[in-house]
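Trainee: Sharing my_file-v3.txt (compact mmCIF, N, CA and C atoms) below.
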```
# COMPACT_ATOMS: atom_id res chain seq x y z
N MET A 1 2.29 13.21 -3.42
CA MET A 1 2.48 12.27 -2.33
C MET A 1 1.66 11.02 -2.62
N ILE A 2 2.20 9.88 -2.26
CA ILE A 2 1.45 8.62 -2.38
C ILE A 2 1.53 7.87 -1.06
N ARG A 3 0.53 7.04 -0.83
CA ARG A 3 0.47 6.23 0.39
C ARG A 3 0.79 4.79 0.02
N VAL A 4 1.67 4.17 0.79
CA VAL A 4 2.06 2.78 0.55
C VAL A 4 2.04 2.01 1.86
N ALA A 5 1.85 0.70 1.75
CA ALA A 5 1.80 -0.16 2.92
C ALA A 5 2.80 -1.30 2.77
N PHE A 6 3.21 -1.83 3.89
CA PHE A 6 4.16 -2.93 3.92
C PHE A 6 3.64 -4.01 4.86
N ALA A 7 3.62 -5.26 4.41
CA ALA A 7 3.19 -6.38 5.25
C ALA A 7 4.38 -6.76 6.14
N SER A 8 4.24 -6.47 7.43
CA SER A 8 5.37 -6.65 8.33
C SER A 8 4.89 -6.95 9.74
N ASP A 9 5.61 -7.82 10.42
CA ASP A 9 5.28 -8.07 11.83
C ASP A 9 6.30 -7.43 12.77
N ASP A 10 7.35 -6.82 12.18
CA ASP A 10 8.36 -6.18 13.04
C ASP A 10 8.58 -4.70 12.73
N ARG A 11 7.84 -4.18 11.75
CA ARG A 11 7.89 -2.77 11.35
C ARG A 11 9.23 -2.35 10.75
N LEU A 12 10.08 -3.31 10.45
CA LEU A 12 11.39 -3.03 9.86
C LEU A 12 11.56 -3.66 8.48
N ARG A 13 10.94 -4.83 8.30
CA ARG A 13 11.13 -5.61 7.08
C ARG A 13 9.78 -6.07 6.54
N VAL A 14 9.70 -6.24 5.23
CA VAL A 14 8.53 -6.90 4.63
C VAL A 14 8.79 -8.39 4.82
N ASN A 15 7.98 -9.02 5.65
CA ASN A 15 8.22 -10.43 5.98
C ASN A 15 6.93 -11.23 6.11
N GLN A 16 5.86 -10.76 5.44
CA GLN A 16 4.57 -11.42 5.58
C GLN A 16 3.92 -11.67 4.21
N HIS A 17 3.19 -12.78 4.12
CA HIS A 17 2.32 -13.08 2.99
C HIS A 17 1.06 -12.26 3.18
N PHE A 18 0.51 -11.66 2.10
CA PHE A 18 -0.63 -10.75 2.26
C PHE A 18 -1.77 -11.38 3.05
N GLY A 19 -2.25 -12.54 2.63
CA GLY A 19 -3.42 -13.15 3.25
C GLY A 19 -3.22 -13.51 4.71
N ALA A 20 -2.00 -13.84 5.08
CA ALA A 20 -1.72 -14.24 6.46
C ALA A 20 -1.05 -13.13 7.27
N ALA A 21 -0.94 -11.95 6.70
CA ALA A 21 -0.23 -10.86 7.38
C ALA A 21 -0.89 -10.52 8.70
N GLU A 22 -0.07 -10.41 9.72
CA GLU A 22 -0.54 -10.01 11.04
C GLU A 22 -0.39 -8.51 11.25
N GLY A 23 0.32 -7.85 10.34
CA GLY A 23 0.50 -6.42 10.49
C GLY A 23 0.84 -5.73 9.19
N PHE A 24 0.40 -4.47 9.11
CA PHE A 24 0.75 -3.59 7.99
C PHE A 24 1.23 -2.27 8.58
N ILE A 25 2.23 -1.71 7.96
CA ILE A 25 2.72 -0.40 8.33
C ILE A 25 2.53 0.50 7.11
N VAL A 26 1.95 1.67 7.31
CA VAL A 26 1.56 2.55 6.20
C VAL A 26 2.31 3.86 6.28
N TYR A 27 2.84 4.29 5.14
CA TYR A 27 3.58 5.54 5.03
C TYR A 27 2.99 6.43 3.94
N ASP A 28 3.05 7.73 4.17
CA ASP A 28 2.85 8.72 3.12
C ASP A 28 4.25 9.07 2.63
N VAL A 29 4.42 9.01 1.31
CA VAL A 29 5.75 9.18 0.73
C VAL A 29 5.73 10.31 -0.30
N SER A 30 6.68 11.21 -0.18
CA SER A 30 6.91 12.25 -1.18
C SER A 30 8.34 12.04 -1.67
N PRO A 31 8.76 12.76 -2.71
CA PRO A 31 10.11 12.56 -3.20
C PRO A 31 11.21 12.82 -2.18
N ASP A 32 10.93 13.59 -1.14
CA ASP A 32 11.97 13.90 -0.17
C ASP A 32 11.62 13.58 1.28
N ARG A 33 10.48 12.91 1.49
CA ARG A 33 10.06 12.64 2.87
C ARG A 33 9.16 11.40 2.91
N ALA A 34 9.26 10.66 4.00
CA ALA A 34 8.36 9.53 4.25
C ALA A 34 7.89 9.63 5.70
N ALA A 35 6.58 9.56 5.90
CA ALA A 35 6.02 9.71 7.24
C ALA A 35 5.12 8.52 7.56
N LEU A 36 5.35 7.90 8.69
CA LEU A 36 4.50 6.83 9.17
C LEU A 36 3.12 7.41 9.50
N VAL A 37 2.06 6.81 8.94
CA VAL A 37 0.72 7.34 9.18
C VAL A 37 -0.24 6.34 9.82
N ALA A 38 0.06 5.04 9.74
CA ALA A 38 -0.87 4.06 10.32
C ALA A 38 -0.19 2.72 10.54
N LEU A 39 -0.70 2.02 11.53
CA LEU A 39 -0.31 0.64 11.80
C LEU A 39 -1.59 -0.18 11.88
N GLY A 40 -1.58 -1.32 11.24
CA GLY A 40 -2.73 -2.21 11.32
C GLY A 40 -2.30 -3.56 11.84
N GLU A 41 -3.04 -4.10 12.77
CA GLU A 41 -2.74 -5.42 13.31
C GLU A 41 -3.93 -6.33 13.11
N PHE A 42 -3.65 -7.56 12.70
CA PHE A 42 -4.69 -8.56 12.42
C PHE A 42 -4.31 -9.85 13.10
N SER A 43 -5.31 -10.63 13.47
CA SER A 43 -5.03 -11.91 14.12
C SER A 43 -4.45 -12.89 13.12
N ALA A 44 -3.69 -13.82 13.63
CA ALA A 44 -3.06 -14.82 12.77
C ALA A 44 -4.14 -15.68 12.11
N THR A 45 -3.98 -15.90 10.79
CA THR A 45 -4.90 -16.75 10.04
C THR A 45 -4.11 -17.63 9.10
N ALA A 46 -4.71 -18.71 8.69
CA ALA A 46 -4.08 -19.58 7.71
C ALA A 46 -4.01 -18.86 6.37
N GLN A 47 -3.01 -19.21 5.55
CA GLN A 47 -2.86 -18.55 4.27
C GLN A 47 -3.91 -18.99 3.26
N ASP A 48 -4.40 -20.20 3.35
CA ASP A 48 -5.34 -20.72 2.36
C ASP A 48 -6.68 -21.04 2.99
N GLY A 49 -7.73 -20.89 2.18
CA GLY A 49 -9.04 -21.37 2.59
C GLY A 49 -9.92 -20.39 3.34
N ASN A 50 -9.46 -19.20 3.63
CA ASN A 50 -10.28 -18.25 4.37
C ASN A 50 -10.30 -16.92 3.63
N GLU A 51 -11.14 -16.82 2.62
CA GLU A 51 -11.20 -15.62 1.80
C GLU A 51 -11.75 -14.41 2.57
N ASP A 52 -12.51 -14.64 3.63
CA ASP A 52 -13.09 -13.54 4.40
C ASP A 52 -12.02 -12.66 5.05
N LYS A 53 -10.86 -13.22 5.30
CA LYS A 53 -9.79 -12.46 5.96
C LYS A 53 -9.28 -11.32 5.08
N LEU A 54 -9.49 -11.41 3.78
CA LEU A 54 -8.95 -10.41 2.87
C LEU A 54 -9.70 -9.08 2.94
N ALA A 55 -11.01 -9.12 3.11
CA ALA A 55 -11.83 -7.90 3.07
C ALA A 55 -11.38 -6.88 4.11
N ALA A 56 -11.15 -7.29 5.33
CA ALA A 56 -10.74 -6.36 6.38
C ALA A 56 -9.38 -5.74 6.08
N LYS A 57 -8.48 -6.53 5.52
CA LYS A 57 -7.16 -6.03 5.19
C LYS A 57 -7.23 -5.02 4.04
N ILE A 58 -8.01 -5.35 3.03
CA ILE A 58 -8.15 -4.44 1.90
C ILE A 58 -8.84 -3.16 2.34
N GLU A 59 -9.82 -3.27 3.21
CA GLU A 59 -10.48 -2.07 3.73
C GLU A 59 -9.49 -1.19 4.48
N PHE A 60 -8.63 -1.79 5.30
CA PHE A 60 -7.62 -1.03 6.03
C PHE A 60 -6.68 -0.31 5.06
N LEU A 61 -6.38 -0.93 3.92
CA LEU A 61 -5.43 -0.38 2.96
C LEU A 61 -6.05 0.61 1.98
N THR A 62 -7.34 0.89 2.13
CA THR A 62 -8.00 1.85 1.23
C THR A 62 -7.22 3.17 1.22
N GLY A 63 -6.95 3.67 0.03
CA GLY A 63 -6.19 4.90 -0.12
C GLY A 63 -4.72 4.66 -0.40
N CYS A 64 -4.25 3.44 -0.22
CA CYS A 64 -2.86 3.10 -0.53
C CYS A 64 -2.73 2.86 -2.03
N ALA A 65 -1.64 3.32 -2.60
CA ALA A 65 -1.37 3.08 -4.01
C ALA A 65 -0.79 1.68 -4.20
N ALA A 66 -0.10 1.18 -3.17
CA ALA A 66 0.55 -0.12 -3.29
C ALA A 66 0.69 -0.75 -1.92
N VAL A 67 0.80 -2.08 -1.92
CA VAL A 67 1.13 -2.81 -0.71
C VAL A 67 2.28 -3.77 -1.06
N PHE A 68 3.33 -3.71 -0.26
CA PHE A 68 4.51 -4.55 -0.48
C PHE A 68 4.38 -5.80 0.38
N VAL A 69 4.57 -6.96 -0.24
CA VAL A 69 4.38 -8.24 0.41
C VAL A 69 5.46 -9.23 -0.02
N MET A 70 5.64 -10.28 0.76
CA MET A 70 6.55 -11.35 0.32
C MET A 70 5.86 -12.23 -0.71
N ALA A 71 4.56 -12.44 -0.54
CA ALA A 71 3.78 -13.28 -1.46
C ALA A 71 2.33 -12.85 -1.39
N VAL A 72 1.58 -13.16 -2.45
CA VAL A 72 0.17 -12.81 -2.50
C VAL A 72 -0.52 -13.77 -3.46
N GLY A 73 -1.68 -14.27 -3.07
CA GLY A 73 -2.41 -15.22 -3.89
C GLY A 73 -3.21 -14.53 -5.00
N ALA A 74 -3.65 -15.33 -5.95
CA ALA A 74 -4.39 -14.81 -7.12
C ALA A 74 -5.67 -14.09 -6.71
N SER A 75 -6.42 -14.64 -5.77
CA SER A 75 -7.66 -14.01 -5.33
C SER A 75 -7.39 -12.66 -4.69
N ALA A 76 -6.35 -12.59 -3.87
CA ALA A 76 -6.00 -11.33 -3.22
C ALA A 76 -5.53 -10.30 -4.26
N ILE A 77 -4.76 -10.73 -5.24
CA ILE A 77 -4.32 -9.82 -6.30
C ILE A 77 -5.52 -9.21 -6.99
N LYS A 78 -6.47 -10.04 -7.34
CA LYS A 78 -7.67 -9.57 -8.04
C LYS A 78 -8.42 -8.54 -7.19
N GLN A 79 -8.58 -8.82 -5.90
CA GLN A 79 -9.30 -7.91 -5.01
C GLN A 79 -8.53 -6.62 -4.76
N LEU A 80 -7.22 -6.71 -4.63
CA LEU A 80 -6.40 -5.52 -4.44
C LEU A 80 -6.48 -4.61 -5.67
N LEU A 81 -6.33 -5.20 -6.84
CA LEU A 81 -6.38 -4.39 -8.06
C LEU A 81 -7.75 -3.75 -8.24
N ALA A 82 -8.82 -4.48 -7.86
CA ALA A 82 -10.17 -3.91 -7.95
C ALA A 82 -10.31 -2.71 -7.02
N ALA A 83 -9.55 -2.71 -5.92
CA ALA A 83 -9.56 -1.59 -4.97
C ALA A 83 -8.52 -0.54 -5.33
N ASP A 84 -7.90 -0.68 -6.51
CA ASP A 84 -6.88 0.25 -7.01
C ASP A 84 -5.65 0.28 -6.12
N ILE A 85 -5.26 -0.89 -5.59
CA ILE A 85 -4.06 -1.05 -4.78
C ILE A 85 -3.14 -2.02 -5.52
N GLN A 86 -1.95 -1.58 -5.85
CA GLN A 86 -1.00 -2.41 -6.58
C GLN A 86 -0.24 -3.32 -5.61
N PRO A 87 -0.37 -4.65 -5.73
CA PRO A 87 0.47 -5.52 -4.91
C PRO A 87 1.88 -5.57 -5.50
N VAL A 88 2.89 -5.47 -4.63
CA VAL A 88 4.28 -5.50 -5.07
C VAL A 88 4.98 -6.59 -4.26
N ARG A 89 5.44 -7.63 -4.96
CA ARG A 89 6.17 -8.71 -4.29
C ARG A 89 7.64 -8.31 -4.16
N VAL A 90 8.20 -8.58 -3.00
CA VAL A 90 9.61 -8.28 -2.76
C VAL A 90 10.30 -9.52 -2.22
N GLY A 91 11.61 -9.49 -2.26
CA GLY A 91 12.40 -10.61 -1.76
C GLY A 91 12.25 -10.78 -0.26
N GLU A 92 12.68 -11.92 0.20
CA GLU A 92 12.54 -12.24 1.62
C GLU A 92 13.20 -11.18 2.48
N SER A 93 12.42 -10.67 3.41
CA SER A 93 12.90 -9.72 4.42
C SER A 93 13.48 -8.44 3.84
N ALA A 94 12.87 -7.89 2.80
CA ALA A 94 13.29 -6.60 2.26
C ALA A 94 13.09 -5.53 3.33
N ARG A 95 14.07 -4.66 3.49
CA ARG A 95 14.00 -3.62 4.52
C ARG A 95 13.10 -2.49 4.06
N ILE A 96 12.18 -2.09 4.93
CA ILE A 96 11.21 -1.04 4.61
C ILE A 96 11.92 0.27 4.31
N GLY A 97 12.96 0.60 5.05
CA GLY A 97 13.71 1.83 4.79
C GLY A 97 14.28 1.87 3.38
N ASP A 98 14.81 0.73 2.92
CA ASP A 98 15.36 0.65 1.57
C ASP A 98 14.25 0.80 0.53
N LEU A 99 13.10 0.18 0.78
CA LEU A 99 11.98 0.27 -0.15
C LEU A 99 11.45 1.70 -0.23
N LEU A 100 11.38 2.37 0.91
CA LEU A 100 10.95 3.78 0.90
C LEU A 100 11.90 4.63 0.06
N ALA A 101 13.20 4.39 0.19
CA ALA A 101 14.19 5.13 -0.61
C ALA A 101 14.00 4.83 -2.10
N ASP A 102 13.70 3.56 -2.44
CA ASP A 102 13.46 3.19 -3.83
C ASP A 102 12.21 3.88 -4.38
N ILE A 103 11.16 3.96 -3.56
CA ILE A 103 9.93 4.63 -3.98
C ILE A 103 10.21 6.11 -4.23
N GLN A 104 10.93 6.74 -3.32
CA GLN A 104 11.27 8.16 -3.49
C GLN A 104 12.09 8.38 -4.75
N SER A 105 13.01 7.50 -5.02
CA SER A 105 13.82 7.60 -6.23
C SER A 105 12.93 7.45 -7.47
N GLY A 106 11.99 6.51 -7.42
CA GLY A 106 11.06 6.32 -8.53
C GLY A 106 10.15 7.52 -8.73
N MET A 107 9.80 8.19 -7.65
CA MET A 107 8.97 9.40 -7.74
C MET A 107 9.75 10.53 -8.42
N ARG A 108 11.03 10.63 -8.11
CA ARG A 108 11.85 11.70 -8.69
C ARG A 108 12.18 11.42 -10.16
N ALA A 109 12.51 10.17 -10.47
CA ALA A 109 12.99 9.83 -11.81
C ALA A 109 11.87 9.44 -12.77
N GLY A 110 10.76 8.91 -12.24
CA GLY A 110 9.70 8.41 -13.10
C GLY A 110 10.10 7.06 -13.70
N GLY A 111 9.19 6.50 -14.48
CA GLY A 111 9.48 5.25 -15.16
C GLY A 111 9.08 4.00 -14.40
N VAL A 112 8.52 4.14 -13.20
CA VAL A 112 8.01 2.98 -12.46
C VAL A 112 6.49 3.04 -12.63
N PRO A 113 5.92 2.10 -13.40
CA PRO A 113 4.50 2.23 -13.79
C PRO A 113 3.53 2.49 -12.65
N TRP A 114 3.60 1.73 -11.55
CA TRP A 114 2.60 1.93 -10.49
C TRP A 114 2.79 3.28 -9.79
N ILE A 115 4.03 3.74 -9.69
CA ILE A 115 4.29 5.05 -9.08
C ILE A 115 3.79 6.15 -10.01
N ASP A 116 4.10 6.04 -11.28
CA ASP A 116 3.63 7.04 -12.25
C ASP A 116 2.11 7.12 -12.26
N LYS A 117 1.45 5.96 -12.20
CA LYS A 117 -0.02 5.92 -12.18
C LYS A 117 -0.56 6.60 -10.92
N ALA A 118 0.03 6.29 -9.77
CA ALA A 118 -0.43 6.87 -8.51
C ALA A 118 -0.24 8.38 -8.50
N LEU A 119 0.88 8.85 -9.00
CA LEU A 119 1.12 10.29 -9.04
C LEU A 119 0.16 10.98 -10.00
N ALA A 120 -0.10 10.36 -11.14
CA ALA A 120 -1.05 10.94 -12.10
C ALA A 120 -2.45 10.98 -11.52
N ALA A 121 -2.84 9.95 -10.78
CA ALA A 121 -4.17 9.91 -10.16
C ALA A 121 -4.31 11.03 -9.15
N GLY A 122 -3.25 11.36 -8.45
CA GLY A 122 -3.28 12.43 -7.46
C GLY A 122 -3.44 13.80 -8.09
N ARG A 123 -3.17 13.91 -9.37
CA ARG A 123 -3.29 15.19 -10.06
C ARG A 123 -4.49 15.23 -11.00
N SER A 124 -5.34 14.22 -10.95
CA SER A 124 -6.44 14.16 -11.91
C SER A 124 -7.49 15.23 -11.64
N PRO A 125 -8.13 15.74 -12.69
CA PRO A 125 -9.19 16.73 -12.51
C PRO A 125 -10.36 16.18 -11.70
N GLU A 126 -10.64 14.87 -11.83
CA GLU A 126 -11.74 14.27 -11.08
C GLU A 126 -11.50 14.42 -9.58
N ARG A 127 -10.26 14.31 -9.15
CA ARG A 127 -9.94 14.46 -7.74
C ARG A 127 -10.27 15.88 -7.28
N PHE A 128 -9.96 16.88 -8.09
CA PHE A 128 -10.27 18.25 -7.74
C PHE A 128 -11.77 18.45 -7.59
N PHE A 129 -12.54 17.91 -8.55
CA PHE A 129 -13.99 18.08 -8.50
C PHE A 129 -14.58 17.37 -7.27
N LYS A 130 -14.05 16.21 -6.91
CA LYS A 130 -14.53 15.52 -5.71
C LYS A 130 -14.24 16.36 -4.47
N MET A 131 -13.06 16.96 -4.42
CA MET A 131 -12.71 17.78 -3.27
C MET A 131 -13.60 19.02 -3.21
N ALA A 132 -13.93 19.59 -4.36
CA ALA A 132 -14.76 20.78 -4.41
C ALA A 132 -16.17 20.51 -3.91
N GLU A 133 -16.64 19.26 -4.05
CA GLU A 133 -17.98 18.90 -3.61
C GLU A 133 -18.06 18.64 -2.11
N GLU A 134 -16.90 18.45 -1.46
CA GLU A 134 -16.90 18.18 -0.03
C GLU A 134 -17.30 19.42 0.75
N ALA A 135 -17.88 19.18 1.90
CA ALA A 135 -18.26 20.29 2.78
C ALA A 135 -16.99 20.89 3.39
N TRP A 136 -16.94 22.20 3.45
CA TRP A 136 -15.79 22.90 4.02
C TRP A 136 -16.21 23.50 5.36
N THR A 137 -15.33 23.34 6.33
CA THR A 137 -15.58 23.92 7.65
C THR A 137 -14.34 24.66 8.12
N ASP A 138 -14.54 25.60 9.00
CA ASP A 138 -13.39 26.33 9.57
C ASP A 138 -12.90 25.67 10.81
```
In structure tokens, what does this structure look like?
Mentor:
Amino acid sequence: MIRVAFASDDRLRVNQHFGAAEGFIVYDVSPDRAALVALGEFSATAQDGNEDKLAAKIEFLTGCAAVFVMAVGASAIKQLLAADIQPVRVGESARIGDLLADIQSGMRAGGVPWIDKALAAGRSPERFFKMAEEAWTD
């Protein structure tokens, strides 16, 4: 399973620039299922000149393998990649349902680099060791 986010103000289409996005919708995606897991809302900001706006958005997206956007600036790309989040630019008003289907197809068929990387990271031995170190409760 991988977690992905979409920059959207209507929860149906990717229609936002990353830096100025007023909303993100987050899904957990497996090859045969997609489940809505989070919604994030942010106040309207200008696209340029306010680098502080990026930190809160990137923090909200922690754990996501990718974020789908209409556009994203160089500074945001650098920060997203440093947080291990792949920015994915899509055409104007791409439908989230269609993108989820494309992600699921990529998970089944392979060959999409960011999906393959995210799936491999989910199976890494380091992840198992980190989980083993966590406290367990009943």
Trainee: Using all atoms listed in the file, find the one residue out of A:Ala44, A:Glu22, A:Leu39, A:Ile85 that sits nearest to A:Gly63.
Mentor: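 Looking only at the distances to A:Gly63, the closest residue turns out to be A:Ile85.
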Trainee: Can you check which residues of chain A DSSP gives as strand (DSSP E or B) on the backbone and send them as a PyMOL selection string?
Mentor: chain A and resi 2-7+13-14+17+23-30+33-41+66-69+71+86-89+94-95
Trainee: Which one of A:Phe68, A:Met107, A:Ala74, A:Val88 sits closest to A:Asn15 if you count only C-alpha atoms?
Mentor: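 Closest to A:Asn15 of all the choices is A:Phe68.
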Trainee: Within 10 Å of (16.9, -8.2, 10.9) (file coordinates; only C-alpha atoms), which protein or nucleic acid residues are there? I'd like them as a list of chain:residue names.
Mentor: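 Every residue inside that radius is included here: A:Asp10, A:Leu12, A:Arg13, A:Ser93, A:Ala94, A:Arg95.
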Trainee: Grab the residues selected above and save them as an mmCIF file, keeping the file's coordinate frame with N, CA and C atoms.
Mentor:
```
data_model
loop_
_atom_site.group_PDB
_atom_site.id
_atom_site.type_symbol
_atom_site.label_atom_id
_atom_site.label_comp_id
_atom_site.auth_asym_id
_atom_site.auth_seq_id
_atom_site.Cartn_x
_atom_site.Cartn_y
_atom_site.Cartn_z
ATOM 1 N N ASP A 10 7.350 -6.820 12.180
ATOM 2 C CA ASP A 10 8.360 -6.180 13.040
ATOM 3 C C ASP A 10 8.580 -4.700 12.730
ATOM 4 N N LEU A 12 10.080 -3.310 10.450
ATOM 5 C CA LEU A 12 11.390 -3.030 9.860
ATOM 6 C C LEU A 12 11.560 -3.660 8.480
ATOM 7 N N ARG A 13 10.940 -4.830 8.300
ATOM 8 C CA ARG A 13 11.130 -5.610 7.080
ATOM 9 C C ARG A 13 9.780 -6.070 6.540
ATOM 10 N N SER A 93 12.420 -10.670 3.410
ATOM 11 C CA SER A 93 12.900 -9.720 4.420
ATOM 12 C C SER A 93 13.480 -8.440 3.840
ATOM 13 N N ALA A 94 12.870 -7.890 2.800
ATOM 14 C CA ALA A 94 13.290 -6.600 2.260
ATOM 15 C C ALA A 94 13.090 -5.530 3.330
ATOM 16 N N ARG A 95 14.070 -4.660 3.490
ATOM 17 C CA ARG A 95 14.000 -3.620 4.520
ATOM 18 C C ARG A 95 13.100 -2.490 4.060
#
```
Trainee: Running DSSP on the backbone, which parts of stretch 11-135 of chain A land in helix (DSSP H, G or I), as a PyMOL selection string?
Mentor: chain A and resi 52-60+74-82+96-109+113-122+125-133
Trainee: Would you please work out which residue, of A:Val67, A:Arg33, A:Arg3, A:Gly40, is nearest to A:Ala21 when using all atoms listed in the file?
Mentor: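 Using all atoms listed in the file, A:Ala21 sits closest to A:Gly40.
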Trainee: So that I can see what lies close to stretch 98-100 of chain A, please list as a list in words the residues with an atom at most 9 Å from it, counting only C-alpha atoms and leaving out residues fewer than 5 positions away in the same chain.
Mentor: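 Close residues of stretch 98-100 of chain A: Val4, Tyr27, Val29, Ala34, Phe68 and Ser105 of chain A.
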Trainee: For the atom pair atom CA of A:Val90 and atom C of A:Val69, what is the interatomic distance in Å to one decimal place?
Mentor: 5.1 Å
Trainee: From the options A:Pro31, A:Leu61, A:Ala20, A:Lys117, which residue's atoms come nearest to A:Met1, counting only N, CA and C atoms?
Mentor: A:Pro31
Trainee: Quote the spacing between atom CA of A:Ala83 and atom CA of A:Ala101 in Å to one decimal place.
Mentor: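 Spanning atom CA of A:Ala83 to atom CA of A:Ala101 is a straight-line distance of 25.1 Å.
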Trainee: Which residue gives the smallest distance to A:Leu119 among A:Ile2, A:Lys53, A:Ile96, A:Gln104, with all atoms listed in the file counted?
Mentor: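 When distances to A:Leu119 are compared using all atoms listed in the file, the smallest one comes from A:Ile2.
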Trainee: Between atom CA of A:Gln79 and atom CA of A:Phe18, what is the distance in Å, rounded to a tenth?
Mentor: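 Value for the atom CA of A:Gln79-atom CA of A:Phe18 distance: 11.7 Å.
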Trainee: List the spatial neighbours of A:Phe24 as an mmCIF file with N, CA and C atoms, in the coordinates of the input - criterion: any atom at most 7 Å away, only C-alpha atoms, same-chain residues fewer than 2 positions off excluded.
Mentor:
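Result went into around-v3.cif, see below:
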```
data_model
loop_
_atom_site.group_PDB
_atom_site.id
_atom_site.type_symbol
_atom_site.label_atom_id
_atom_site.label_comp_id
_atom_site.auth_asym_id
_atom_site.auth_seq_id
_atom_site.Cartn_x
_atom_site.Cartn_y
_atom_site.Cartn_z
ATOM 1 N N ALA A 5 1.850 0.700 1.750
ATOM 2 C CA ALA A 5 1.800 -0.160 2.920
ATOM 3 C C ALA A 5 2.800 -1.300 2.770
ATOM 4 N N PHE A 6 3.210 -1.830 3.890
ATOM 5 C CA PHE A 6 4.160 -2.930 3.920
ATOM 6 C C PHE A 6 3.640 -4.010 4.860
ATOM 7 N N ALA A 7 3.620 -5.260 4.410
ATOM 8 C CA ALA A 7 3.190 -6.380 5.250
ATOM 9 C C ALA A 7 4.380 -6.760 6.140
ATOM 10 N N SER A 8 4.240 -6.470 7.430
ATOM 11 C CA SER A 8 5.370 -6.650 8.330
ATOM 12 C C SER A 8 4.890 -6.950 9.740
ATOM 13 N N VAL A 26 1.950 1.670 7.310
ATOM 14 C CA VAL A 26 1.560 2.550 6.200
ATOM 15 C C VAL A 26 2.310 3.860 6.280
ATOM 16 N N LEU A 39 -0.700 2.020 11.530
ATOM 17 C CA LEU A 39 -0.310 0.640 11.800
ATOM 18 C C LEU A 39 -1.590 -0.180 11.880
ATOM 19 N N GLY A 40 -1.580 -1.320 11.240
ATOM 20 C CA GLY A 40 -2.730 -2.210 11.320
ATOM 21 C C GLY A 40 -2.300 -3.560 11.840
ATOM 22 N N GLU A 41 -3.040 -4.100 12.770
ATOM 23 C CA GLU A 41 -2.740 -5.420 13.310
ATOM 24 C C GLU A 41 -3.930 -6.330 13.110
#
```
Trainee: Find the spatial neighbours of A:Trp114, counting all atoms listed in the file, within a cut-off of 8 Å - ignore same-chain residues fewer than 3 positions away - and output them as a list in words.
Mentor: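 Contacts, in chain order: Ala65, Ala66, Gln86, Gly111, Lys117, Ala118, Leu119 and Ala120 of chain A.
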Trainee: Restrict the selected residues to N, CA and C atoms and save them as a short mmCIF file (atom, residue, chain, number, x, y, z; two decimals), in the frame of the given file.
Mentor:
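Below you can see out04.cif, which holds the result:
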```
data_model
loop_
_atom_site.label_atom_id
_atom_site.label_comp_id
_atom_site.auth_asym_id
_atom_site.auth_seq_id
_atom_site.Cartn_x
_atom_site.Cartn_y
_atom_site.Cartn_z
N ALA A 65 -1.64 3.32 -2.60
CA ALA A 65 -1.37 3.08 -4.01
C ALA A 65 -0.79 1.68 -4.20
N ALA A 66 -0.10 1.18 -3.17
CA ALA A 66 0.55 -0.12 -3.29
C ALA A 66 0.69 -0.75 -1.92
N GLN A 86 -1.95 -1.58 -5.85
CA GLN A 86 -1.00 -2.41 -6.58
C GLN A 86 -0.24 -3.32 -5.61
N GLY A 111 9.19 6.50 -14.48
CA GLY A 111 9.48 5.25 -15.16
C GLY A 111 9.08 4.00 -14.40
N LYS A 117 1.45 5.96 -12.20
CA LYS A 117 -0.02 5.92 -12.18
C LYS A 117 -0.56 6.60 -10.92
N ALA A 118 0.03 6.29 -9.77
CA ALA A 118 -0.43 6.87 -8.51
C ALA A 118 -0.24 8.38 -8.50
N LEU A 119 0.88 8.85 -9.00
CA LEU A 119 1.12 10.29 -9.04
C LEU A 119 0.16 10.98 -10.00
N ALA A 120 -0.10 10.36 -11.14
CA ALA A 120 -1.05 10.94 -12.10
C ALA A 120 -2.45 10.98 -11.52
#
```
Trainee: Which is closer to A:Gly91 than all the others in A:Ala121, A:Ile103, A:Ala71, A:Ile77, using all atoms listed in the file?
Mentor: A:Ala71
